[in-house]
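What's in run.tsv: TSV, C-alpha atoms
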```tsv
chain	number	residue	atom	x	y	z
A	269	MET	CA	128.26	141.02	98.96
A	270	GLY	CA	128.15	137.52	100.48
A	271	TYR	CA	125.60	134.76	100.54
A	272	ASP	CA	123.02	134.78	103.35
A	273	TYR	CA	123.49	131.44	105.11
A	274	SER	CA	120.65	132.02	107.62
A	275	CYS	CA	118.33	129.50	105.94
A	276	TYR	CA	121.13	126.96	105.71
A	277	ILE	CA	122.05	127.46	109.38
A	278	SER	CA	118.38	127.21	110.33
A	279	CYS	CA	118.11	123.85	108.53
A	280	VAL	CA	121.26	122.55	110.22
A	281	THR	CA	120.04	123.68	113.64
A	282	ARG	CA	116.67	121.97	113.14
A	283	ILE	CA	118.38	118.70	112.19
A	284	TRP	CA	120.80	118.79	115.12
A	285	ASN	CA	117.93	119.54	117.48
A	286	GLY	CA	115.77	116.80	116.01
A	287	ASP	CA	113.23	119.31	114.73
A	288	ASN	CA	113.35	118.06	111.16
A	289	VAL	CA	109.71	117.06	110.71
A	290	LYS	CA	110.13	115.71	107.19
A	291	LYS	CA	110.48	111.95	106.90
A	292	LYS	CA	113.89	110.74	105.71
A	293	VAL	CA	113.83	109.56	102.09
A	294	ASN	CA	114.92	106.04	101.21
A	295	VAL	CA	117.51	107.05	98.59
A	296	LYS	CA	117.48	103.74	96.68
A	297	LYS	CA	113.68	103.61	96.59
A	298	ASP	CA	113.58	107.26	95.47
A	299	TYR	CA	116.17	106.61	92.73
A	300	ASP	CA	114.33	103.50	91.49
A	301	TRP	CA	111.02	105.42	91.42
A	302	GLY	CA	112.64	108.20	89.36
A	303	ILE	CA	114.16	105.74	86.87
A	304	GLY	CA	110.77	104.04	86.47
A	305	ARG	CA	109.11	107.39	85.83
A	306	GLU	CA	111.80	108.30	83.25
A	307	LYS	CA	110.90	105.31	81.11
A	308	LEU	CA	107.19	106.18	81.12
A	309	VAL	CA	107.89	109.83	80.39
A	310	ILE	CA	110.28	109.30	77.46
A	311	GLN	CA	107.85	106.80	75.91
A	312	HIS	CA	105.07	109.36	76.30
A	313	ILE	CA	106.82	112.54	75.19
A	314	GLY	CA	109.80	111.33	73.14
A	315	ASP	CA	108.23	111.88	69.71
A	316	GLU	CA	107.33	115.44	70.67
A	317	LEU	CA	111.00	116.22	71.37
A	318	GLY	CA	112.80	114.17	68.74
A	319	LYS	CA	113.44	110.61	67.52
A	320	GLY	CA	115.49	107.56	68.43
A	321	PHE	CA	116.04	108.27	72.13
A	322	GLU	CA	118.42	105.97	73.98
A	323	LYS	CA	119.10	105.90	77.71
A	324	LEU	CA	122.50	107.30	78.65
A	325	GLY	CA	124.65	106.03	81.53
A	326	LYS	CA	124.15	106.70	85.21
A	327	PHE	CA	127.02	109.19	85.32
A	328	ASP	CA	126.26	111.05	82.08
A	329	HIS	CA	125.04	114.64	82.35
A	330	PHE	CA	121.64	113.86	80.81
A	331	ASP	CA	119.22	110.95	80.79
A	332	TYR	CA	118.55	110.42	77.06
A	333	LEU	CA	120.10	111.17	73.69
A	334	GLY	CA	118.14	111.24	70.43
A	335	TYR	CA	117.93	113.37	67.31
A	336	ARG	CA	115.84	116.34	66.20
A	337	ASN	CA	116.11	117.99	62.78
A	338	GLY	CA	119.51	116.36	62.21
A	339	LYS	CA	120.93	117.57	65.54
A	340	GLN	CA	121.75	115.63	68.68
A	341	CYS	CA	118.98	116.10	71.24
A	342	TYR	CA	119.66	115.62	74.94
A	343	VAL	CA	116.86	115.18	77.48
A	344	GLU	CA	117.01	115.48	81.25
A	345	ILE	CA	113.95	114.15	83.10
A	346	LYS	CA	113.12	115.11	86.66
A	347	SER	CA	110.22	113.44	88.45
A	348	ARG	CA	108.45	115.35	91.19
A	349	ARG	CA	105.93	114.14	93.75
A	350	ILE	CA	104.04	117.44	93.60
A	351	SER	CA	101.55	119.04	91.24
A	352	LYS	CA	102.63	121.45	88.53
A	353	ASP	CA	101.15	124.43	90.38
A	354	ALA	CA	102.74	123.70	93.79
A	355	TYR	CA	105.57	126.19	93.15
A	356	GLU	CA	106.30	128.96	90.66
A	357	GLU	CA	109.77	127.59	89.91
A	358	THR	CA	111.50	124.25	89.66
A	359	ILE	CA	115.15	123.66	90.43
A	360	VAL	CA	117.80	121.64	88.64
A	361	PRO	CA	121.49	121.41	89.47
A	362	ALA	CA	123.40	124.36	88.01
A	363	SER	CA	125.96	121.93	86.59
A	364	LYS	CA	123.25	120.50	84.28
A	365	VAL	CA	122.38	123.98	83.01
A	366	ALA	CA	126.07	124.73	82.41
A	367	LYS	CA	126.42	121.52	80.38
A	368	ALA	CA	123.19	122.32	78.49
A	369	ILE	CA	124.58	125.74	77.51
A	370	GLU	CA	127.81	124.10	76.34
A	371	LEU	CA	125.92	121.56	74.20
A	372	ILE	CA	123.60	124.21	72.75
A	373	GLY	CA	126.69	126.26	71.81
A	374	MET	CA	127.90	123.21	69.83
A	375	GLY	CA	124.64	123.17	67.85
A	376	ASN	CA	122.75	120.52	69.85
A	377	LYS	CA	119.24	120.62	71.35
A	378	VAL	CA	118.65	120.21	75.09
A	379	PHE	CA	115.29	119.76	76.81
A	380	PHE	CA	114.51	119.64	80.50
A	381	VAL	CA	111.39	117.60	81.24
A	382	ILE	CA	109.57	117.65	84.57
A	383	SER	CA	107.12	114.89	85.40
A	384	PHE	CA	104.68	116.23	87.98
A	385	THR	CA	101.82	114.26	89.53
A	386	ASP	CA	99.36	115.98	87.20
A	387	ALA	CA	101.37	116.94	84.11
A	388	ILE	CA	104.50	116.43	82.06
A	389	CYS	CA	106.16	119.71	81.15
A	390	TYR	CA	109.17	120.43	78.96
A	391	LEU	CA	111.44	123.33	78.14
A	392	ASP	CA	113.84	123.91	75.25
A	393	MET	CA	116.86	125.15	77.18
A	394	ALA	CA	117.95	127.36	74.27
A	395	ASN	CA	115.02	129.61	75.21
A	396	ALA	CA	115.21	129.34	79.00
A	397	ASP	CA	115.39	132.15	81.53
A	398	PHE	CA	116.65	131.15	84.97
A	399	LYS	CA	118.50	132.44	88.00
A	400	LEU	CA	121.25	130.74	89.93
A	401	GLY	CA	121.43	130.30	93.68
A	402	TYR	CA	121.90	127.90	96.53
A	403	ASN	CA	119.37	125.55	98.04
A	404	ALA	CA	119.56	122.82	100.66
A	405	ARG	CA	117.66	119.57	100.97
A	406	THR	CA	117.49	117.70	104.24
A	407	ASP	CA	115.20	114.77	103.44
A	408	ARG	CA	118.09	112.30	103.03
A	409	GLY	CA	119.19	112.68	106.65
A	410	ALA	CA	121.92	115.28	106.05
A	411	VAL	CA	122.11	118.84	104.83
A	412	GLU	CA	122.90	118.86	101.10
A	413	LEU	CA	123.73	122.42	100.07
A	414	ASN	CA	124.09	122.74	96.32
A	415	HIS	CA	124.16	125.31	93.53
A	416	TYR	CA	120.92	125.24	91.48
A	417	ALA	CA	119.22	126.89	88.56
A	418	PHE	CA	115.75	128.17	89.51
A	419	ILE	CA	113.60	127.97	86.38
A	420	PRO	CA	110.15	129.64	86.29
A	421	LEU	CA	107.54	127.06	85.31
A	422	HIS	CA	105.53	129.46	83.11
A	423	GLN	CA	108.19	128.87	80.40
A	424	PHE	CA	107.49	125.14	80.18
A	425	LYS	CA	105.09	123.64	77.66
A	426	THR	CA	102.67	121.00	78.91
A	427	ALA	CA	102.48	117.71	77.04
A	428	GLU	CA	99.38	115.59	76.71
A	429	PRO	CA	98.51	114.02	80.08
A	430	LEU	CA	100.10	110.76	81.15
A	431	ASN	CA	97.33	108.59	82.55
A	432	THR	CA	99.55	106.33	84.65
A	433	MET	CA	100.42	108.75	87.46
A	434	ASP	CA	101.21	107.07	90.77
```
Turn this file's structure into structure tokens for me.
Amino acid sequence: MGYDYSCYISCVTRIWNGDNVKKKVNVKKDYDWGIGREKLVIQHIGDELGKGFEKLGKFDHFDYLGYRNGKQCYVEIKSRRISKDAYEETIVPASKVAKAIELIGMGNKVFFVISFTDAICYLDMANADFKLGYNARTDRGAVELNHYAFIPLHQFKTAEPLNTMD
């Protein structure tokens, strides 16, 4: 049984024909916005997840490392420009979930945190249900087909509101 590429082909066709109605994202501006959001989010929710969080490097698997109950605690923060209820699932790269499973197997904690426009939500990945599949984004001017984990949002806990949403 193979993968159905019809959606992917449809996206490619729309781009080649100039039918892509979504505005192209400024990648640097988008990255800088996400990094700025990360700092606000970890300051807001850090104590709820653990202690002593420090920013990891740009090419590390996760954004922050701290400690919780004597264990290393990794945090991945994704910032979204949508409300919490816009979709039933959120997506994260499957490679991050694979690394999370590896770290959990070594006795560490891993949290995925999503900063929406109206809420900050978090999930202990040791308790996560998800499905794997492919998705494509086209807002950067090219088709980026990637393998993702689709995680139902009903599993996430909502933190106290962050009043500095922009």
Counting all atoms listed in the file, the option among A:Lys319, A:Lys296, A:Lys425, A:Lys352 closest to Gly334 (chain A):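 Looking at the shortest contact to Gly334 (chain A), the residue is A:Lys319.
CA of Trp301 (chain A) is found 20.9 Å from CA of Phe379 (chain A).
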Nearest residue to Leu421 (chain A) from the set A:Leu400, A:Val295, A:Ile369, A:Leu391 (distances using all atoms listed in the file): A:Leu391
Selection: 10 Å around region 353-367 of chain A, only C-alpha atoms, excl. self and same-chain fewer than 4 positions, as a ChimeraX atom specification: /A:329-330,344,346,348,371-373,378,380,382,384,386-387,393,396,398-403,414-423
Nearest-residue call for Ser347 (chain A), choices A:Asp300, A:Asp392, A:Glu306, A:Glu428, using only C-alpha atoms: A:Glu306
Atom pair CA of Tyr299 (chain A) / CA of Gly314 (chain A): separation (Å): 21.1 Å
One-decimal distance in Å that lies between CA of Glu322 (chain A) and CA of Ala427 (chain A):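 Distance between the two atoms: 20.0 Å.
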